[in-house]
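Content type compact mmCIF, C-alpha atoms, from the file model_34.txt:
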```
# COMPACT_ATOMS: atom_id res chain seq x y z
CA MET A 193 121.18 64.16 130.39
CA THR A 194 117.81 64.85 128.84
CA GLU A 195 116.81 67.52 126.35
CA GLU A 196 114.96 69.32 129.11
CA GLU A 197 118.07 69.32 131.28
CA ILE A 198 120.23 70.65 128.46
CA TRP A 199 117.97 73.58 127.73
CA GLY A 200 117.10 73.93 131.36
CA SER A 201 120.77 74.59 132.06
CA CYS A 202 120.84 77.30 129.39
CA GLN A 203 117.73 78.76 130.93
CA ILE A 204 119.37 78.77 134.37
CA ILE A 205 122.28 80.77 132.94
CA ASN A 206 119.93 83.15 131.20
CA ASP A 207 117.71 83.61 134.26
CA LEU A 208 120.69 84.29 136.49
CA PHE A 209 122.07 86.94 134.19
CA GLU A 210 118.67 88.56 133.94
CA SER A 211 118.52 88.67 137.74
CA LEU A 212 122.02 90.11 137.95
CA GLU A 213 121.19 92.75 135.38
CA ALA A 214 118.15 93.71 137.42
CA MET A 215 120.30 93.88 140.57
CA PHE A 216 122.68 96.34 138.93
CA PRO A 217 120.43 98.56 136.83
CA ASP A 218 122.95 101.38 136.72
CA PHE A 219 125.79 99.27 135.41
CA THR A 220 127.09 100.42 132.07
CA PRO A 221 130.08 98.53 130.73
CA LYS A 222 133.14 100.56 129.92
CA THR A 223 134.43 97.94 127.56
CA GLU A 224 133.00 97.33 124.15
CA THR A 225 130.57 94.48 123.91
CA ALA A 226 130.96 91.85 121.27
CA PHE A 227 127.21 91.89 120.95
CA ASN A 228 127.14 94.97 118.85
CA LEU A 229 126.45 92.27 116.38
CA LYS A 230 123.28 91.88 114.52
CA PRO A 231 120.99 89.36 116.22
CA PRO A 232 120.61 86.02 114.52
CA SER A 233 118.69 86.90 111.41
CA PRO A 234 115.55 84.94 110.55
CA GLU A 235 117.38 83.74 107.44
CA ALA A 236 120.32 82.46 109.49
CA ILE A 237 117.98 80.67 111.85
CA ILE A 238 116.13 79.09 108.95
CA GLN A 239 119.45 78.04 107.41
CA LEU A 240 120.54 76.48 110.67
CA LYS A 241 117.28 74.63 111.04
CA GLU A 242 117.44 73.37 107.48
CA ARG A 243 121.02 72.26 107.91
CA THR A 244 120.23 70.50 111.15
CA LYS A 245 117.21 68.85 109.60
CA LYS A 246 119.32 67.71 106.67
CA LEU A 247 122.01 66.35 108.95
CA ALA A 248 119.47 64.66 111.17
CA SER A 249 117.85 62.93 108.20
CA SER A 250 121.15 61.88 106.71
CA THR A 251 122.18 58.27 107.17
CA GLU A 252 125.71 58.95 106.05
CA THR A 253 128.11 59.99 108.78
CA SER A 254 131.57 60.20 107.39
CA PRO A 255 134.67 62.33 107.86
CA LYS A 256 133.66 64.01 104.61
CA GLN A 257 130.45 65.08 106.27
CA ILE A 258 132.43 66.47 109.18
CA LYS A 259 134.41 68.50 106.68
CA ASN A 260 131.22 69.78 105.08
CA ASN A 261 129.87 70.58 108.48
CA LYS A 262 132.99 72.58 109.23
CA GLU A 263 132.51 74.55 106.03
CA ASN A 264 128.95 75.30 106.98
CA LYS A 265 130.13 76.38 110.38
CA GLY A 266 132.27 78.91 108.59
CA ASP A 267 129.13 80.45 107.12
CA LEU A 268 127.62 80.56 110.54
CA GLU A 269 130.61 82.47 111.85
CA LYS A 270 130.32 84.93 109.02
CA ASP A 271 126.64 85.44 109.75
CA PHE A 272 127.36 86.38 113.31
CA LYS A 273 130.64 88.15 112.68
CA VAL A 274 132.50 85.92 115.07
CA GLU A 275 136.18 86.36 114.39
CA PRO A 276 138.27 83.20 114.38
CA ARG A 277 140.16 83.04 117.62
CA LEU A 278 141.68 80.54 119.93
CA PHE A 279 138.99 79.45 122.33
CA LEU A 280 139.36 80.51 125.94
CA MET B 159 160.91 77.23 116.32
CA LEU B 160 158.36 74.57 117.13
CA PHE B 161 154.66 75.23 116.89
CA ILE B 162 153.10 73.34 119.82
CA LEU B 163 149.36 73.12 120.28
CA ASP B 164 147.88 72.56 123.71
CA GLU B 165 144.74 70.59 122.92
CA ILE B 166 144.32 69.15 126.39
CA GLN B 167 140.94 70.78 126.87
CA THR B 168 139.87 71.27 123.32
CA GLY B 169 141.20 68.16 121.65
CA PHE B 170 139.75 64.78 120.98
CA GLY B 171 136.23 65.81 120.19
CA ARG B 172 135.37 68.50 122.67
CA ALA B 173 135.26 71.17 119.99
CA GLY B 174 133.40 68.99 117.51
CA THR B 175 136.52 67.96 115.62
CA LEU B 176 139.34 65.66 116.57
CA LEU B 177 141.50 68.69 117.20
CA ARG B 178 140.35 72.24 117.76
CA ALA B 179 143.00 73.37 115.31
CA ASP B 180 141.38 71.29 112.57
CA ILE B 181 138.86 74.06 112.10
CA TYR B 182 141.63 76.39 111.00
CA THR B 183 143.54 73.66 109.16
CA LEU B 184 146.52 74.45 111.36
CA LYS B 185 149.42 72.06 111.19
CA ALA B 186 151.40 71.90 114.40
CA ASP B 187 154.78 70.33 115.04
CA MET B 188 153.52 68.92 118.31
CA VAL B 189 150.11 68.42 119.86
CA ILE B 190 149.41 67.72 123.50
CA LEU B 191 146.33 65.71 124.44
CA GLY B 192 144.73 64.72 127.73
CA LYS B 193 141.32 64.75 129.40
CA SER B 194 138.99 63.48 126.66
CA LEU B 195 141.64 61.04 125.55
CA SER B 196 140.44 58.78 128.34
CA GLY B 197 136.83 59.86 128.18
CA GLY B 198 137.59 62.12 131.12
CA ILE B 199 137.74 59.31 133.65
CA TYR B 200 141.42 58.52 133.94
CA PRO B 201 144.51 60.74 134.18
CA ILE B 202 146.40 60.30 130.96
CA SER B 203 148.14 62.52 128.48
CA ALA B 204 149.83 62.08 125.15
CA VAL B 205 152.17 64.01 122.90
CA LEU B 206 151.81 63.75 119.15
CA ALA B 207 154.61 64.92 116.91
CA ASP B 208 156.02 64.57 113.47
CA LYS B 209 158.70 61.98 113.00
CA ASP B 210 161.49 64.52 112.63
CA VAL B 211 160.54 66.06 115.97
CA MET B 212 159.94 62.81 117.80
CA ASP B 213 163.15 61.24 116.58
CA VAL B 214 165.14 63.87 118.44
CA ILE B 215 164.40 61.80 121.55
CA LEU B 216 166.36 58.60 121.30
CA PRO B 217 165.67 55.36 123.15
CA GLY B 218 166.87 55.78 126.71
CA ASP B 219 166.75 59.59 126.61
CA HIS B 220 163.43 59.82 128.36
CA GLY B 221 161.54 57.49 130.64
CA SER B 222 158.21 57.45 132.39
CA THR B 223 157.37 55.39 135.44
CA TYR B 224 153.71 55.16 134.54
CA GLY B 225 153.98 55.45 130.78
CA GLY B 226 152.01 52.78 128.98
CA ASN B 227 149.99 51.90 132.05
CA PRO B 228 147.85 48.93 130.90
CA LEU B 229 144.64 50.17 132.49
CA ALA B 230 145.12 53.62 130.98
CA MET B 231 145.84 52.15 127.56
CA ALA B 232 142.70 50.02 127.72
CA ILE B 233 140.62 53.06 128.63
CA VAL B 234 142.15 55.09 125.81
CA ASN B 235 141.39 52.30 123.37
CA SER B 236 137.76 52.36 124.44
CA ALA B 237 137.61 56.16 124.19
CA VAL B 238 139.10 56.07 120.70
CA ASP B 239 136.58 53.42 119.67
CA GLU B 240 133.77 55.54 121.03
CA ILE B 241 134.88 58.71 119.26
CA THR B 242 135.49 57.04 115.92
CA LYS B 243 132.54 54.67 115.76
CA ASN B 244 129.82 55.11 113.16
CA GLY B 245 131.90 57.53 111.12
CA PHE B 246 132.67 59.96 113.94
CA GLU B 247 129.01 60.21 114.81
CA ILE B 248 129.75 61.75 118.20
CA LEU B 249 131.73 64.57 116.65
CA ILE B 250 129.05 65.36 114.10
CA ASN B 251 126.48 65.39 116.87
CA CYS B 252 128.77 67.56 118.96
CA GLN B 253 129.03 70.13 116.16
CA ARG B 254 125.29 70.11 115.63
CA ARG B 255 124.43 70.46 119.31
CA GLY B 256 127.19 73.01 119.77
CA ASP B 257 125.79 75.22 117.01
CA GLU B 258 122.43 75.12 118.67
CA LEU B 259 123.75 75.76 122.17
CA GLY B 260 125.89 78.66 121.06
CA LEU B 261 123.13 80.27 119.06
CA TYR B 262 120.66 79.73 121.83
CA LEU B 263 122.86 81.36 124.45
CA LEU B 264 123.72 84.15 122.04
CA HIS B 265 120.09 84.71 121.26
CA LYS B 266 119.00 84.69 124.88
CA THR B 267 121.75 86.70 126.49
CA ARG B 268 123.15 89.02 123.85
CA LYS B 269 121.35 92.05 125.25
CA ASN B 270 122.47 91.45 128.80
CA LYS B 271 124.67 94.35 129.88
CA LEU B 272 126.95 92.20 132.03
CA ILE B 273 127.99 89.93 129.18
CA LYS B 274 130.70 90.92 126.78
CA GLU B 275 130.74 87.89 124.56
CA ILE B 276 129.49 84.35 124.10
CA ARG B 277 131.92 81.94 122.52
CA ALA B 278 131.01 78.44 121.56
CA ARG B 279 132.73 75.71 119.62
CA GLY B 280 131.37 72.24 119.72
CA LEU B 281 130.15 71.63 123.23
CA MET B 282 132.45 74.16 124.85
CA CYS B 283 130.78 77.44 125.65
CA GLY B 284 132.39 80.48 127.18
CA VAL B 285 130.45 83.41 128.60
CA GLU B 286 132.72 86.41 129.00
CA LEU B 287 131.72 89.13 131.42
CA HIS B 288 132.75 92.72 131.03
CA GLU B 289 135.94 93.42 132.96
CA ASP B 290 134.19 96.04 135.04
CA ALA B 291 131.07 93.95 135.66
CA PRO B 292 129.84 94.08 139.27
CA VAL B 293 130.30 90.31 139.59
CA ASN B 294 133.12 88.10 138.43
CA ALA B 295 133.03 84.65 136.85
CA TYR B 296 133.78 82.87 140.11
CA GLU B 297 130.86 84.54 141.84
CA VAL B 298 128.57 83.71 138.95
CA CYS B 299 129.68 80.08 139.13
CA LEU B 300 128.79 79.96 142.83
CA MET B 301 125.37 81.38 142.07
CA LEU B 302 124.87 78.86 139.30
CA MET B 303 125.90 76.08 141.65
CA GLU B 304 123.19 77.18 144.06
CA ARG B 305 120.79 76.79 141.15
CA GLY B 306 122.03 73.30 140.39
CA LEU B 307 124.34 74.01 137.47
CA LEU B 308 128.08 73.41 137.70
CA CYS B 309 130.28 75.67 135.60
CA LYS B 310 133.87 76.73 136.02
CA PRO B 311 135.47 80.15 136.00
CA SER B 312 138.30 80.56 133.57
CA GLY B 313 140.19 83.59 134.77
CA LYS B 314 138.32 86.50 136.28
CA SER B 315 135.80 87.15 133.59
CA VAL B 316 135.07 83.96 131.66
CA LEU B 317 132.48 81.42 132.66
CA ARG B 318 133.13 78.04 131.12
CA TYR B 319 130.10 75.94 130.37
CA ILE B 320 130.83 72.45 129.07
CA ASN B 321 128.40 69.72 128.21
CA LYS B 322 129.05 66.06 127.72
CA LEU B 323 129.82 64.87 124.21
CA ASN B 324 127.52 61.91 123.88
CA TYR B 325 124.21 63.63 123.70
CA SER B 326 121.57 61.55 122.11
CA ASN B 327 120.22 62.94 118.91
CA TYR B 328 117.57 65.05 120.55
CA LYS B 329 115.31 67.25 118.50
CA ILE B 330 116.38 70.48 120.06
CA ILE B 331 115.82 73.06 117.39
CA PRO B 332 112.04 73.55 117.71
CA SER B 333 112.45 74.75 121.29
CA THR B 334 115.57 76.75 120.66
CA TYR B 335 114.44 80.19 119.69
CA HIS B 336 111.48 80.79 121.90
CA ASP B 337 111.83 83.87 124.04
```
Starting from the coordinates I provided, produce the structure as structure tokens.
Amino acid sequence: MTEEEIWGSCQIINDLFESLEAMFPDFTPKTETAFNLKPPSPEAIIQLKERTKKLASSTETSPKQIKNNKENKGDLEKDFKVEPRLFL
Amino acid sequence: MLFILDEIQTGFGRAGTLLRADIYTLKADMVILGKSLSGGIYPISAVLADKDVMDVILPGDHGSTYGGNPLAMAIVNSAVDEITKNGFEILINCQRRGDELGLYLLHKTRKNKLIKEIRARGLMCGVELHEDAPVNAYEVCLMLMERGLLCKPSGKSVLRYINKLNYSNYKIIPSTYHD
């Protein structure tokens, strides 16, 4: 799978949902959306990019790094107010 | 009471850690594994448990016709080698790519009225539709299939989008946040 295919697949999802939204312009959800969240802030995006850059340039890949990565992921959750939950 | 974790889908790297529960530092009495344990190519499962739990079953109490199948064991060995090589490189990559995928989907679709929530952990993404959305997850999956993307509905309202673990270390970020 290439980079283009990875992001192409995200784009397919996005395009489809845009089409569906256009098909049902009058739809207003009765349930609360979880997206009453702030959008990713420029600072959060910069942080993510820096962290990714740092990880990408690192030659050390150890379980300790995984642990650090997990801790960073915690910050990411906080930034986007994603509550810890069991997935799916 | 035993605390049993079903990590069949989420375990063994899929969520970017060996177990999904690792993120919460949960300690279970038993853990059930499958799927990724064989790299997804062979039907195999495993039960992990503490000694005091496992020792309840005595030799002869429980048998399995296909337990310890040599081909399955060889495949599991290879999968374990792959996951653990180079200091768990695949898992680190999975976390990194998963962060990007989740943020990208969140960024692109968060204003869409049909979507209630995007959840992502490692390379598992879930797109949850509103319960009263005019389409359900199954219908969305069919439409995605027509567009060349295979996803799976999980219940009525959740679209499950899963990518393979062994991405190469692509430079994704620069193209991530373009509208």
- Query: Got a sec: who's within 8 Å of region 307-324 of chain B, counting only C-alpha atoms, leaving out chain neighbours fewer than 2 positions off, as a PyMOL selection string?
  - Reply: (chain A and resi 201+204+280) or (chain B and resi 171-172+248-249+251-252+281-289+294-296+298-299+302-305+326)
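The interface of chain B with chain A at 7 Å, considering all atoms listed in the file, consists of Ile181, Asn244, Gly245, Phe246, Glu247, Ile250, Arg254, Leu263, His265, Lys266, Thr267, Arg268, Asn270, Lys271, Leu272, Lys274, Glu275, His288, Asp290, Ala291, Leu307, Tyr328, Ile330 and Ile331 of chain B.
Straight-line separation from CA of Asn235 (chain B) to CA of Ser196 (chain B): 8.2 Å.
Picture a line from CA of Ile166 (chain B) to CA of Gly226 (chain B); it runs 18.3 Å.
Taking CA of Gly198 (chain B) as the reference point, CA of Asp257 (chain B) is found at 22.6 Å.
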Can you pull out the residues contacting Val211 (chain B)? Cut-off 12 Å, using all atoms listed in the file, and skip same-chain residues under 3 positions away; I want them as a PDB file with C-alpha atoms, in the frame of the given file.
```pdb
ATOM      1  CA  MET B 159     160.910  77.230 116.320  1.00  0.00           C
ATOM      2  CA  LEU B 160     158.360  74.570 117.130  1.00  0.00           C
ATOM      3  CA  PHE B 161     154.660  75.230 116.890  1.00  0.00           C
ATOM      4  CA  ILE B 162     153.100  73.340 119.820  1.00  0.00           C
ATOM      5  CA  ALA B 186     151.400  71.900 114.400  1.00  0.00           C
ATOM      6  CA  ASP B 187     154.780  70.330 115.040  1.00  0.00           C
ATOM      7  CA  MET B 188     153.520  68.920 118.310  1.00  0.00           C
ATOM      8  CA  VAL B 189     150.110  68.420 119.860  1.00  0.00           C
ATOM      9  CA  VAL B 205     152.170  64.010 122.900  1.00  0.00           C
ATOM     10  CA  LEU B 206     151.810  63.750 119.150  1.00  0.00           C
ATOM     11  CA  ALA B 207     154.610  64.920 116.910  1.00  0.00           C
ATOM     12  CA  ASP B 208     156.020  64.570 113.470  1.00  0.00           C
ATOM     13  CA  VAL B 214     165.140  63.870 118.440  1.00  0.00           C
ATOM     14  CA  ILE B 215     164.400  61.800 121.550  1.00  0.00           C
ATOM     15  CA  LEU B 216     166.360  58.600 121.300  1.00  0.00           C
TER      16      LEU B 216
END
```
- Message: Quick one: residues within 10 Å of Ala204 (chain B), all atoms listed in the file, excluding same-chain residues fewer than 6 positions away - as a list in words?
- Response: Ile166, Val189, Ile190, Leu191, Gly192, Lys193, Leu195 and Gly225 of chain B
